[in-house]
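File shown: protein-v2.cif. Contents: mmCIF, C-alpha atoms (C1' of nucleotides).
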data_final
#
loop_
_atom_site.label_atom_id
_atom_site.label_comp_id
_atom_site.auth_asym_id
_atom_site.auth_seq_id
_atom_site.Cartn_x
_atom_site.Cartn_y
_atom_site.Cartn_z
CA MET Q 13 100.53 116.33 129.54
CA PRO Q 14 97.98 114.18 127.84
CA TYR Q 15 98.08 114.85 124.16
CA PHE Q 16 94.59 113.52 123.57
CA ASP Q 17 93.15 116.51 125.33
CA VAL Q 18 93.55 118.38 122.14
CA LEU Q 19 90.16 116.94 121.53
CA GLN Q 20 88.88 117.42 125.05
CA LEU Q 21 89.30 114.06 126.58
CA ARG Q 22 90.68 114.10 130.07
CA LYS Q 23 92.84 112.14 132.39
CA LEU Q 24 92.27 111.55 136.06
CA PRO Q 25 93.28 114.71 137.88
CA TYR Q 26 96.34 113.78 139.83
CA SER Q 27 94.96 115.38 142.92
CA GLN Q 28 92.14 112.87 143.07
CA LEU Q 29 94.41 109.92 143.56
CA PRO Q 30 93.85 108.03 146.75
CA ASN Q 31 96.51 107.69 149.36
CA LEU Q 32 98.76 110.45 148.23
CA LYS Q 33 100.08 112.67 150.86
CA SER Q 34 97.80 115.69 151.03
CA LYS Q 35 94.64 117.47 150.15
CA PRO Q 36 94.56 119.58 147.06
CA VAL Q 37 94.58 123.22 148.00
CA ALA Q 38 94.70 125.43 144.98
CA THR Q 39 94.68 122.73 142.37
CA LEU Q 40 92.34 121.40 139.74
CA ARG Q 41 88.74 120.97 140.65
CA PRO Q 42 86.98 117.99 139.21
CA PHE Q 43 85.29 118.63 135.93
CA ALA Q 44 83.03 116.65 133.70
CA ASP Q 45 84.33 114.21 131.15
CA ARG Q 46 84.53 115.78 127.77
CA VAL Q 47 84.31 113.09 125.23
CA VAL Q 48 85.46 113.80 121.76
CA ASP Q 49 82.81 115.46 119.74
CA ARG Q 50 82.08 113.56 116.56
CA SER Q 51 80.96 116.61 114.73
CA THR Q 52 84.14 118.46 115.66
CA LEU Q 53 86.14 115.60 114.28
CA GLN Q 54 84.12 115.53 111.08
CA ASN Q 55 84.50 119.24 110.78
CA TRP Q 56 88.28 118.92 110.98
CA ALA Q 57 88.21 116.03 108.57
CA GLN Q 58 86.65 118.30 105.98
CA GLN Q 59 89.48 120.78 106.31
CA TYR Q 60 92.23 118.22 106.35
CA ALA Q 61 92.06 115.40 103.87
CA GLU Q 62 94.81 113.66 105.77
CA LEU Q 63 92.62 113.20 108.84
CA ASP Q 64 91.26 109.66 109.03
CA ILE Q 65 88.58 109.58 111.68
CA PRO Q 66 88.91 105.96 112.79
CA SER Q 67 92.67 106.36 113.14
CA VAL Q 68 92.35 109.49 115.21
CA GLU Q 69 89.74 107.84 117.40
CA ALA Q 70 91.94 104.81 117.95
CA CYS Q 71 94.89 107.04 118.70
CA LEU Q 72 92.94 109.07 121.21
CA ALA Q 73 91.61 105.95 122.90
CA PHE Q 74 95.13 104.65 123.18
CA LEU Q 75 96.50 107.85 124.64
CA ARG Q 76 93.64 108.11 127.05
CA ALA Q 77 94.25 104.56 128.27
CA THR Q 78 97.95 105.29 128.46
CA ALA Q 79 97.44 108.28 130.70
CA ASP Q 80 95.05 106.50 133.02
CA VAL Q 81 97.23 103.45 133.38
CA GLN Q 82 100.26 105.62 133.97
CA THR Q 83 98.45 107.53 136.66
CA ALA Q 84 97.21 104.34 138.29
CA LEU Q 85 100.64 102.76 138.31
CA GLU Q 86 102.19 105.86 139.80
CA ALA Q 87 99.61 105.80 142.57
CA HIS Q 88 100.29 102.12 143.17
CA PHE Q 89 104.03 102.55 143.43
CA ALA Q 90 103.68 105.68 145.51
CA ARG Q 91 102.11 103.56 148.26
CA TYR Q 92 105.50 101.96 148.68
CA GLY Q 93 107.46 105.15 148.29
CA LEU Q 94 108.60 104.15 144.82
CA SER Q 95 108.32 105.42 141.27
CA MET Q 96 108.05 103.22 138.22
CA GLY Q 97 111.72 103.73 137.50
CA LYS Q 98 112.77 102.82 140.99
CA PHE Q 99 110.58 99.73 141.04
CA THR Q 100 112.01 98.60 137.74
CA LEU Q 101 115.49 99.00 139.05
CA LEU Q 102 114.76 97.12 142.25
CA MET Q 103 113.18 94.27 140.33
CA GLN Q 104 116.24 93.98 138.15
CA LEU Q 105 118.50 93.80 141.14
CA PHE Q 106 116.14 91.27 142.70
CA GLN Q 107 116.97 88.88 139.88
CA ALA Q 108 120.61 89.86 139.64
CA PRO Q 109 123.49 87.45 140.18
CA GLU Q 110 125.49 87.46 143.41
CA GLN Q 111 127.68 90.41 142.48
CA GLY Q 112 124.82 92.60 141.40
CA PHE Q 113 124.83 94.72 138.28
CA THR Q 114 126.90 97.71 137.31
CA PRO Q 115 125.05 100.97 136.76
CA SER Q 116 125.72 100.58 133.06
CA GLU Q 117 124.16 97.15 132.99
CA CYS Q 118 121.13 98.56 134.75
CA ALA Q 119 120.87 101.31 132.17
CA GLU Q 120 121.15 98.92 129.28
CA ARG Q 121 118.56 96.54 130.69
CA SER Q 122 116.20 99.42 131.38
CA GLY Q 123 116.56 101.26 128.12
CA VAL Q 124 117.41 104.52 129.88
CA THR Q 125 120.64 106.46 129.99
CA ARG Q 126 123.32 105.97 132.57
CA ALA Q 127 122.70 109.46 133.84
CA THR Q 128 119.15 108.50 134.70
CA ILE Q 129 120.37 105.43 136.56
CA THR Q 130 122.76 107.56 138.57
CA GLY Q 131 119.84 109.69 139.69
CA LEU Q 132 117.62 106.76 140.58
CA LEU Q 133 120.40 105.05 142.48
CA ASP Q 134 121.03 108.23 144.43
CA GLY Q 135 117.44 108.14 145.60
CA LEU Q 136 117.34 104.42 146.33
CA GLU Q 137 120.62 104.56 148.20
CA ARG Q 138 119.39 107.50 150.23
CA ASP Q 139 116.38 105.40 151.19
CA GLY Q 140 118.63 102.48 152.10
CA LEU Q 141 117.17 100.10 149.55
CA VAL Q 142 120.32 99.67 147.50
CA GLU Q 143 124.06 99.91 147.93
CA ARG Q 144 126.93 100.80 145.64
CA GLN Q 145 130.28 99.12 146.19
CA PRO Q 146 133.54 99.26 144.29
CA ARG Q 147 134.04 96.38 141.93
CA LEU Q 148 137.20 94.36 142.30
CA GLY Q 149 139.14 93.98 139.13
CA ASP Q 150 138.01 97.15 137.38
CA ARG Q 151 138.02 100.30 139.37
CA ARG Q 152 135.86 102.14 136.89
CA MET Q 153 132.88 100.00 137.74
CA LEU Q 154 130.56 99.68 140.69
CA SER Q 155 128.49 96.80 141.99
CA VAL Q 156 124.93 97.70 142.78
CA ARG Q 157 123.02 95.35 145.07
CA LEU Q 158 119.79 95.29 147.04
CA THR Q 159 120.14 95.79 150.75
CA GLU Q 160 118.17 93.56 153.09
CA GLU Q 161 115.70 96.40 153.42
CA GLY Q 162 115.34 96.64 149.66
CA ARG Q 163 114.77 92.93 149.32
CA SER Q 164 112.20 92.84 152.06
CA LEU Q 165 110.32 95.78 150.58
CA LEU Q 166 109.94 93.83 147.35
CA VAL Q 167 108.92 90.65 149.08
CA ARG Q 168 106.35 92.60 150.98
CA MET Q 169 104.91 94.38 147.97
CA LEU Q 170 104.98 91.75 145.22
CA PRO Q 171 101.79 89.91 146.15
CA ASP Q 172 99.88 93.16 146.10
CA HIS Q 173 101.64 94.15 142.93
CA PHE Q 174 100.73 91.04 140.99
CA CYS Q 175 97.27 91.14 142.38
CA ARG Q 176 96.75 94.65 141.07
CA THR Q 177 98.28 93.78 137.72
CA THR Q 178 95.73 91.00 137.41
CA GLY Q 179 93.07 93.47 138.43
CA LEU Q 180 94.17 95.91 135.75
CA MET Q 181 93.46 93.28 133.12
CA GLY Q 182 90.51 91.92 135.03
CA GLU Q 183 87.86 93.09 132.61
CA LEU Q 184 89.37 91.16 129.71
CA THR Q 185 88.92 87.48 128.99
CA VAL Q 186 91.96 85.40 128.22
CA SER Q 187 91.29 85.53 124.51
CA GLU Q 188 90.75 89.25 124.65
CA LYS Q 189 94.14 89.59 126.28
CA THR Q 190 95.65 87.72 123.38
CA THR Q 191 93.85 89.92 120.89
CA LEU Q 192 94.95 93.03 122.72
CA ILE Q 193 98.57 91.94 122.54
CA GLU Q 194 98.28 91.42 118.80
CA LEU Q 195 96.65 94.75 118.18
CA LEU Q 196 99.19 96.56 120.33
CA GLN Q 197 101.96 94.99 118.34
CA LYS Q 198 100.42 96.45 115.23
CA VAL Q 199 100.29 99.88 116.81
CA GLN Q 200 103.90 99.46 117.78
CA ALA Q 201 104.75 98.60 114.20
CA GLY Q 202 102.98 101.80 113.19
CA THR Q 203 105.42 103.94 115.12
CA LYS Q 204 107.72 103.42 112.16
CA ALA Q 205 105.53 105.89 110.27
CA MET Q 206 106.00 108.44 113.04
CA LEU Q 207 109.74 108.04 113.11
CA GLU Q 208 110.34 108.21 109.38
CA PRO Q 209 112.29 111.26 108.28
CA MET M 12 111.63 104.66 132.62
CA PRO M 13 109.82 101.78 131.02
CA TYR M 14 108.41 99.61 133.74
CA PHE M 15 108.12 96.58 131.52
CA ASP M 16 111.84 96.17 131.43
CA VAL M 17 111.57 94.46 134.72
CA LEU M 18 111.14 91.49 132.52
CA GLN M 19 113.73 92.51 129.97
CA LEU M 20 111.70 94.03 127.27
CA ARG M 21 113.11 97.19 125.85
CA LYS M 22 112.08 100.46 124.37
CA LEU M 23 113.68 102.26 121.48
CA PRO M 24 116.82 103.87 122.77
CA TYR M 25 116.21 107.56 122.62
CA SER M 26 119.52 108.12 120.94
CA GLN M 27 118.41 106.16 117.89
CA LEU M 28 115.63 108.52 117.01
CA PRO M 29 115.95 110.14 113.63
CA ASN M 30 116.20 113.86 113.21
CA LEU M 31 117.11 114.78 116.74
CA LYS M 32 119.85 117.22 117.09
CA SER M 33 123.00 115.25 117.62
CA LYS M 34 124.98 112.07 117.57
CA PRO M 35 125.09 109.97 120.69
CA VAL M 36 128.44 110.26 122.35
CA ALA M 37 128.60 108.40 125.58
CA THR M 38 125.10 107.04 125.55
CA LEU M 39 123.36 103.73 125.16
CA ARG M 40 124.61 101.44 122.53
CA PRO M 41 122.02 99.46 120.63
CA PHE M 42 121.34 96.08 122.13
CA ALA M 43 119.29 93.10 121.14
CA ASP M 44 115.63 92.80 121.95
CA ARG M 45 115.08 90.82 125.07
CA VAL M 46 111.67 89.35 124.90
CA VAL M 47 110.13 88.14 128.09
CA ASP M 48 111.27 84.70 128.95
CA ARG M 49 108.33 82.38 129.37
CA SER M 50 110.16 80.16 131.75
CA THR M 51 111.13 83.10 133.94
CA LEU M 52 107.51 84.10 134.09
CA GLN M 53 106.43 80.58 134.98
CA ASN M 54 109.09 80.44 137.58
CA TRP M 55 107.79 83.58 139.19
CA ALA M 56 104.26 82.33 138.91
CA GLN M 57 105.21 79.36 141.06
CA GLN M 58 106.48 81.61 143.79
CA TYR M 59 103.61 84.06 143.64
CA ALA M 60 100.14 82.64 143.41
CA GLU M 61 98.87 86.12 142.61
CA LEU M 62 100.78 86.24 139.33
CA ASP M 63 98.49 85.56 136.39
CA ILE M 64 100.64 85.00 133.34
CA PRO M 65 98.23 86.24 130.64
CA SER M 66 97.57 89.39 132.64
CA VAL M 67 101.22 90.12 133.08
CA GLU M 68 101.87 89.50 129.42
CA ALA M 69 99.07 91.83 128.40
CA CYS M 70 100.30 94.44 130.81
CA LEU M 71 103.82 94.23 129.50
CA ALA M 72 102.63 94.44 125.91
CA PHE M 73 100.65 97.52 126.78
CA LEU M 74 103.53 99.23 128.52
CA ARG M 75 105.86 98.38 125.71
CA ALA M 76 103.49 99.88 123.17
CA THR M 77 103.03 102.89 125.40
CA ALA M 78 106.71 103.60 125.58
CA ASP M 79 107.25 103.22 121.85
CA VAL M 80 104.32 105.43 120.93
CA GLN M 81 105.41 108.03 123.45
CA THR M 82 108.89 108.03 122.01
CA ALA M 83 107.59 108.27 118.46
CA LEU M 84 105.27 111.16 119.28
CA GLU M 85 108.04 113.02 121.02
CA ALA M 86 110.22 112.64 117.97
CA HIS M 87 107.41 113.82 115.74
CA PHE M 88 106.73 116.94 117.77
CA ALA M 89 110.41 117.65 118.18
CA ARG M 90 110.63 118.21 114.42
CA TYR M 91 108.54 121.31 114.94
CA GLY M 92 110.28 122.40 118.10
CA LEU M 93 107.34 121.29 120.21
CA SER M 94 106.61 118.84 122.99
CA MET M 95 103.36 116.98 123.42
CA GLY M 96 102.30 119.44 126.08
CA LYS M 97 103.04 122.44 123.94
CA PHE M 98 101.26 120.98 120.94
CA THR M 99 98.21 120.24 123.04
CA LEU M 100 98.14 123.77 124.29
CA LEU M 101 98.52 125.25 120.81
CA MET M 102 95.73 123.06 119.50
CA GLN M 103 93.44 124.22 122.25
CA LEU M 104 94.15 127.83 121.47
CA PHE M 105 93.65 127.09 117.79
CA GLN M 106 90.04 126.27 118.54
CA ALA M 107 89.58 128.95 121.16
CA PRO M 108 87.05 131.77 120.90
CA GLU M 109 88.12 135.29 119.99
CA GLN M 110 89.31 136.25 123.45
CA GLY M 111 91.40 133.14 123.93
CA PHE M 112 91.49 131.09 127.09
CA THR M 113 92.74 131.92 130.54
CA PRO M 114 95.63 129.85 131.85
CA SER M 115 93.21 128.19 134.25
CA GLU M 116 90.90 127.20 131.44
CA CYS M 117 93.86 125.73 129.60
CA ALA M 118 94.79 123.75 132.67
CA GLU M 119 91.32 122.42 133.16
CA ARG M 120 90.93 121.42 129.54
CA SER M 121 94.30 119.72 129.59
CA GLY M 122 94.01 117.91 132.87
CA VAL M 123 97.26 119.34 134.17
CA THR M 124 97.89 121.82 136.92
CA ARG M 125 98.01 125.54 136.48
CA ALA M 126 101.64 125.52 137.43
CA THR M 127 102.40 123.29 134.47
CA ILE M 128 100.51 125.64 132.15
CA THR M 129 102.54 128.56 133.44
CA GLY M 130 105.72 126.75 132.49
CA LEU M 131 104.48 125.74 129.05
CA LEU M 132 103.25 129.24 128.32
CA ASP M 133 106.61 130.66 129.33
CA GLY M 134 108.24 128.49 126.69
CA LEU M 135 105.66 129.15 123.99
CA GLU M 136 105.72 132.88 124.64
CA ARG M 137 109.50 132.90 124.48
CA ASP M 138 109.24 131.21 121.09
CA GLY M 139 106.70 133.80 119.97
CA LEU M 140 103.91 131.32 119.35
CA VAL M 141 101.56 132.63 122.00
CA GLU M 142 100.83 135.85 123.82
CA ARG M 143 99.49 136.70 127.27
CA GLN M 144 97.41 139.82 127.69
CA PRO M 145 95.56 141.26 130.64
CA ARG M 146 91.87 140.48 130.67
CA LEU M 147 89.52 143.38 130.90
CA GLY M 148 86.98 143.06 133.66
CA ASP M 149 88.95 140.85 136.02
CA ARG M 150 92.52 141.79 136.65
CA ARG M 151 93.36 138.39 138.12
CA MET M 152 92.99 136.74 134.76
CA LEU M 153 94.95 136.70 131.54
CA SER M 154 93.95 136.06 127.98
CA VAL M 155 96.15 133.63 126.15
CA ARG M 156 96.04 133.67 122.37
CA LEU M 157 97.97 132.29 119.43
CA THR M 158 100.18 134.72 117.61
CA GLU M 159 100.22 134.72 113.85
CA GLU M 160 103.42 132.75 114.03
CA GLY M 161 101.77 130.18 116.29
CA ARG M 162 98.82 129.82 113.99
CA SER M 163 100.95 129.42 110.93
CA LEU M 164 103.11 126.80 112.61
CA LEU M 165 99.99 124.71 113.22
CA VAL M 166 98.66 125.19 109.74
CA ARG M 167 102.01 124.14 108.42
CA MET M 168 102.31 121.02 110.56
CA LEU M 169 98.77 119.63 110.71
CA PRO M 170 98.74 117.80 107.38
CA ASP M 171 101.92 115.98 108.37
CA HIS M 172 100.51 115.41 111.81
CA PHE M 173 97.31 113.77 110.66
CA CYS M 174 99.19 111.83 108.09
CA ARG M 175 101.46 110.36 110.71
CA THR M 176 98.57 109.63 113.02
CA THR M 177 96.98 107.65 110.24
CA GLY M 178 100.30 105.93 109.71
CA LEU M 179 100.52 105.01 113.36
CA MET M 180 97.30 103.06 113.02
CA GLY M 181 98.11 101.96 109.52
CA GLU M 182 98.62 98.30 110.32
CA LEU M 183 95.11 97.92 111.69
CA THR M 184 91.93 97.43 109.69
CA VAL M 185 88.94 99.56 110.51
CA SER M 186 87.32 96.79 112.49
CA GLU M 187 90.55 96.15 114.37
CA LYS M 188 90.60 99.79 115.34
CA THR M 189 87.13 99.41 116.76
CA THR M 190 88.15 96.30 118.67
CA LEU M 191 91.23 98.02 119.98
CA ILE M 192 89.15 100.88 121.31
CA GLU M 193 86.86 98.46 123.12
CA LEU M 194 89.70 96.53 124.67
CA LEU M 195 91.47 99.68 125.76
CA GLN M 196 88.32 100.84 127.46
CA LYS M 197 88.35 97.62 129.45
CA VAL M 198 91.94 98.20 130.46
CA GLN M 199 90.99 101.68 131.50
CA ALA M 200 88.18 100.29 133.60
CA GLY M 201 90.75 98.02 135.22
CA THR M 202 92.69 100.96 136.59
CA LYS M 203 90.04 101.07 139.28
CA ALA M 204 91.69 97.99 140.78
CA MET M 205 95.02 99.81 140.86
CA LEU M 206 93.58 102.86 142.52
CA GLU M 207 91.59 101.12 145.21
CA PRO M 208 92.87 101.72 148.71
"C1'" DG T 15 156.00 100.47 127.31
"C1'" DC T 16 153.34 104.58 126.13
"C1'" DC T 17 149.81 107.29 124.32
"C1'" DT T 18 145.46 107.45 122.47
"C1'" DA T 19 140.95 105.75 122.36
"C1'" DA T 20 137.24 103.53 124.61
"C1'" DT T 21 134.60 102.72 128.63
"C1'" DG T 22 132.18 103.61 133.25
"C1'" DA T 23 130.28 106.87 136.31
"C1'" DT T 24 129.13 111.29 137.45
"C1'" DT T 25 127.86 116.14 136.95
"C1'" DA T 26 125.50 120.13 135.08
"C1'" DG T 27 121.73 121.79 132.90
"C1'" DC T 28 117.16 121.42 130.26
"C1'" DC T 29 112.25 119.98 130.18
"C1'" DA T 30 107.69 118.96 131.85
"C1'" DG T 31 105.07 116.85 135.16
"C1'" DC T 32 103.84 117.53 140.21
"C1'" DT T 33 102.79 119.89 145.20
"C1'" DA T 34 102.82 123.69 148.26
"C1'" DA T 35 103.18 128.38 149.22
"C1'" DT T 36 102.65 133.15 147.92
"C1'" DC T 37 100.61 137.27 146.09
"C1'" DA T 38 96.99 140.06 143.90
"C1'" DT T 39 92.39 140.60 143.11
"C1'" DT T 40 87.55 139.80 143.58
"C1'" DA T 41 83.27 138.27 145.88
"C1'" DG T 42 80.25 137.65 149.67
"C1'" DG T 43 78.48 137.67 154.50
"C1'" DC T 44 77.40 140.40 158.17
"C1'" DG K 2 81.40 149.06 153.77
"C1'" DC K 3 84.83 145.85 155.44
"C1'" DC K 4 87.10 141.66 156.27
"C1'" DT K 5 87.51 137.04 155.24
"C1'" DA K 6 87.36 133.54 151.91
"C1'" DA K 7 87.78 132.11 147.26
"C1'" DT K 8 89.99 132.49 142.91
"C1'" DG K 9 93.80 133.22 139.30
"C1'" DA K 10 98.55 133.24 138.35
"C1'" DT K 11 103.05 132.63 139.69
"C1'" DT K 12 107.09 130.89 142.15
"C1'" DA K 13 110.06 127.54 144.45
"C1'" DG K 14 111.39 123.10 144.83
"C1'" DC K 15 110.96 117.92 143.92
"C1'" DT K 16 111.21 114.09 140.47
"C1'" DG K 17 112.81 111.51 136.56
"C1'" DG K 18 113.48 111.62 131.77
"C1'" DC K 19 117.10 113.52 128.49
"C1'" DT K 20 121.94 115.45 126.34
"C1'" DA K 21 126.57 116.94 126.70
"C1'" DA K 22 130.72 117.37 129.10
"C1'" DT K 23 134.01 115.78 132.49
"C1'" DC K 24 136.98 112.71 134.97
"C1'" DA K 25 139.13 108.25 136.13
"C1'" DT K 26 140.51 104.05 134.57
"C1'" DT K 27 141.54 100.49 131.33
"C1'" DA K 28 142.72 98.48 126.79
"C1'" DG K 29 145.10 98.31 122.52
"C1'" DG K 30 148.14 99.65 118.60
"C1'" DC K 31 152.55 100.64 117.33
#
For this file, write the structure as structure tokens.
Amino acid sequence: MPYFDVLQLRKLPYSQLPNLKSKPVATLRPFADRVVDRSTLQNWAQQYAELDIPSVEACLAFLRATADVQTALEAHFARYGLSMGKFTLLMQLFQAPEQGFTPSECAERSGVTRATITGLLDGLERDGLVERQPRLGDRRMLSVRLTEEGRSLLVRMLPDHFCRTTGLMGELTVSEKTTLIELLQKVQAGTKAMLEP
Amino acid sequence: MPYFDVLQLRKLPYSQLPNLKSKPVATLRPFADRVVDRSTLQNWAQQYAELDIPSVEACLAFLRATADVQTALEAHFARYGLSMGKFTLLMQLFQAPEQGFTPSECAERSGVTRATITGLLDGLERDGLVERQPRLGDRRMLSVRLTEEGRSLLVRMLPDHFCRTTGLMGELTVSEKTTLIELLQKVQAGTKAMLEP
DNA sequence: GCCTAATGATTAGCCAGCTAATCATTAGGC
DNA sequence: GCCTAATGATTAGCTGGCTAATCATTAGGC
């Protein structure tokens, strides 16, 4: 759930995505954008000295962008029957050496737990995009590899994928992209403050 | 799962978060940052004319920041026994009129489905932070309100919350915050390209 | 050489999104 | 006035994160 809606912003209702299986039946109806009310924010700022308006606005803008991009990526991957996690996994295997990766290697490279990888592999294997084989030499490990079908799915989708990635950043000039990267790195550095005990 | 790890970036391993209940046992070990390899990117760019390096880099930076902020917020809310969704809901009710909101209103304001609200309310009600009561006049509807306990939890946590939000943006100057907001709006506009049929 | 500890994969179970279906209630057309 | 359609809430079931526990296998110390 989008956190920023505390202050009445909104994300794209999922049911409005194009190309997803079905019509909404008893789900959210579209509703007008509710942009954050300056006076509400100022009101809060009077009650809480800790509230810094520009920071909150930047944070809300970030979360709003986050939610929209997330939604858009999900819709993109859904066209190919994939989720972000599954695509990530496939791309890793696409670049993998001959013998593939072990599930643990996949987990480590992805920054998710092994349990999550097990689940994703179950799905990908069910869809015939990936195969698990015993690893010679150490019977605890498995080799995970793309099947031909998996490889061809990627080859088929990558042009579209890169094209849409370019489109996502299409409103920014090259120098704006550079600036954005710098500013995002500063936000990332700020997460330290959130994580502190 | 963080999509950007296709190109070997990483997010903070969940198990390294401070203040979460327990020690990692059989989970991810820390591993070195793998920054995207320029030459890999250039290599790919040769194979796929659609790949625009600055766009991909900006996209990866964004997704990386997204994942880290998400993780940090989750850790922050976890200190108070909340998730982002629950916090959002509580904040809405905090500002609600006397009679509270109906679950549907909550859903609409949050941009999530009613089913999701039902689940969140179940959890919040179980924890005694919120109460559901029948609505006079229309027996299909419910009134959802904060309990005293819910209200006092918010009052207790908000100073810390705003403080940490300010901290999150603490590395940026005021004018950088403004710039960031502008650039993020452009990224948001770019999601159109992702959503197109 | 054996026994304990470490490692790899899986399983079970929680959470919070989602869709689709169901049920109760209300509203509206004829 | 009644019956159908719309509306509000819930439920069931899927997904993909997570933790914790389990099980098999391997490695290492003594």
What are the closest atom pairs, with distances in Å to one decimal, for each residue of chain Q lying within 8 Å of chain T, using all atoms listed in the file, rows by chain and rising residue number, as CSV?
residue,atom,partner,partner_atom,distance
Q:Met13,CA,T:DG31,C1',7.2
Q:Pro115,CA,T:DA23,C1',7.9
Q:Ser116,CA,T:DG22,C1',7.1
Q:Arg126,CA,T:DA23,C1',8.0
Q:Ala127,CA,T:DT24,C1',7.6
Q:Thr130,CA,T:DT24,C1',7.5
Q:Arg152,CA,T:DG22,C1',5.4
Q:Met153,CA,T:DG22,C1',5.8
Please write the residues from the selection above to a file, keeping C-alpha atoms, as a short mmCIF file (atom, residue, chain, number, x, y, z; two decimals), in the frame of the given file.
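Contents of selection28.cif, as written:
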data_model
loop_
_atom_site.label_atom_id
_atom_site.label_comp_id
_atom_site.auth_asym_id
_atom_site.auth_seq_id
_atom_site.Cartn_x
_atom_site.Cartn_y
_atom_site.Cartn_z
CA MET Q 13 100.53 116.33 129.54
CA PRO Q 115 125.05 100.97 136.76
CA SER Q 116 125.72 100.58 133.06
CA ARG Q 126 123.32 105.97 132.57
CA ALA Q 127 122.70 109.46 133.84
CA THR Q 130 122.76 107.56 138.57
CA ARG Q 152 135.86 102.14 136.89
CA MET Q 153 132.88 100.00 137.74
#
Atom CA of M:Leu74 to atom CA of Q:Glu137, straight-line distance in Å: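 Going from atom CA of Q:Glu137 over to atom CA of M:Leu74 covers 26.6 Å.
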Can you list every residue of chain K that has an atom at most 12 Å from chain Q, with its nearest atom pair and the distance in Å to one decimal, using only C-alpha atoms (C1' of nucleotides), ordered by chain then number, as JSON lines?
{"residue": "K:DA7", "atom": "C1'", "partner": "Q:Ala38", "partner_atom": "CA", "distance": 9.9}
{"residue": "K:DT8", "atom": "C1'", "partner": "Q:Ala38", "partner_atom": "CA", "distance": 8.7}
{"residue": "K:DG9", "atom": "C1'", "partner": "Q:Ala38", "partner_atom": "CA", "distance": 9.7}
{"residue": "K:DA10", "atom": "C1'", "partner": "Q:Ala38", "partner_atom": "CA", "distance": 10.9}
{"residue": "K:DC15", "atom": "C1'", "partner": "Q:Gly135", "partner_atom": "CA", "distance": 11.9}
{"residue": "K:DT16", "atom": "C1'", "partner": "Q:Ser95", "partner_atom": "CA", "distance": 9.2}
{"residue": "K:DG17", "atom": "C1'", "partner": "Q:Thr128", "partner_atom": "CA", "distance": 7.3}
{"residue": "K:DG18", "atom": "C1'", "partner": "Q:Thr128", "partner_atom": "CA", "distance": 7.1}
{"residue": "K:DC19", "atom": "C1'", "partner": "Q:Thr125", "partner_atom": "CA", "distance": 8.0}
{"residue": "K:DT20", "atom": "C1'", "partner": "Q:Ala127", "partner_atom": "CA", "distance": 9.6}
{"residue": "K:DA21", "atom": "C1'", "partner": "Q:Ala127", "partner_atom": "CA", "distance": 11.0}
{"residue": "K:DC24", "atom": "C1'", "partner": "Q:Arg152", "partner_atom": "CA", "distance": 10.8}
{"residue": "K:DA25", "atom": "C1'", "partner": "Q:Arg152", "partner_atom": "CA", "distance": 7.0}
{"residue": "K:DT26", "atom": "C1'", "partner": "Q:Arg152", "partner_atom": "CA", "distance": 5.5}
{"residue": "K:DT27", "atom": "C1'", "partner": "Q:Asp150", "partner_atom": "CA", "distance": 7.8}
{"residue": "K:DA28", "atom": "C1'", "partner": "Q:Asp150", "partner_atom": "CA", "distance": 11.7}
Could you take the residues named above and write them with C-alpha atoms (C1' of nucleotides), as a PDB file, in the coordinates of the input?
ATOM      1  C1'  DA K   7      87.780 132.110 147.260  1.00  0.00           C
ATOM      2  C1'  DT K   8      89.990 132.490 142.910  1.00  0.00           C
ATOM      3  C1'  DG K   9      93.800 133.220 139.300  1.00  0.00           C
ATOM      4  C1'  DA K  10      98.550 133.240 138.350  1.00  0.00           C
ATOM      5  C1'  DC K  15     110.960 117.920 143.920  1.00  0.00           C
ATOM      6  C1'  DT K  16     111.210 114.090 140.470  1.00  0.00           C
ATOM      7  C1'  DG K  17     112.810 111.510 136.560  1.00  0.00           C
ATOM      8  C1'  DG K  18     113.480 111.620 131.770  1.00  0.00           C
ATOM      9  C1'  DC K  19     117.100 113.520 128.490  1.00  0.00           C
ATOM     10  C1'  DT K  20     121.940 115.450 126.340  1.00  0.00           C
ATOM     11  C1'  DA K  21     126.570 116.940 126.700  1.00  0.00           C
ATOM     12  C1'  DC K  24     136.980 112.710 134.970  1.00  0.00           C
ATOM     13  C1'  DA K  25     139.130 108.250 136.130  1.00  0.00           C
ATOM     14  C1'  DT K  26     140.510 104.050 134.570  1.00  0.00           C
ATOM     15  C1'  DT K  27     141.540 100.490 131.330  1.00  0.00           C
ATOM     16  C1'  DA K  28     142.720  98.480 126.790  1.00  0.00           C
TER      17       DA K  28
END
Expansion of the PyMOL selection byres ((chain M) within 6 of (chain Q)) into residues, as number ranges by chain: M: 12, 14, 16-17, 21-22, 24, 61-62, 66, 69, 72, 76, 83, 95-96, 99, 102-103, 121-122, 170, 173-175, 177-180, 182, 188, 192, 197-199, 201-202, 204-206
Surrounding residues of stretch 162-165 of chain Q excluding itself and chain neighbours under 3 positions, 7 Å, only C-alpha atoms (C1' of nucleotides), as a list in words: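 My reading of the contact set: Phe106, Leu141, Val142, Leu158, Thr159, Arg168 and Met169 of chain Q.
Taking atom CA of M:Asp138 and atom CA of M:Val155 as the two end points, the separation is 14.2 Å.
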Atomic separation - atom CA of M:Gly134 relative to atom CA of M:Arg156, Å: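 Atom CA of M:Gly134 lies at a distance of 13.9 Å from atom CA of M:Arg156.
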Residue IDs satisfying the PyMOL selection byres ((chain Q and resi 111) around 10), as an MDAnalysis selection string: chainID Q and resid 105 108:110 112:114 145 147 154:157
Would you compute an axis-aligned box for stretch 151-157 of chain M, covering every atom listed for it in the file with 5 Å of margin on each side, and report centre and edge lengths in Å to one decimal as lines of an AutoDock Vina configuration file?
center_x = 95.5
center_y = 135.3
center_z = 128.8
size_x = 15.0
size_y = 16.1
size_z = 28.7
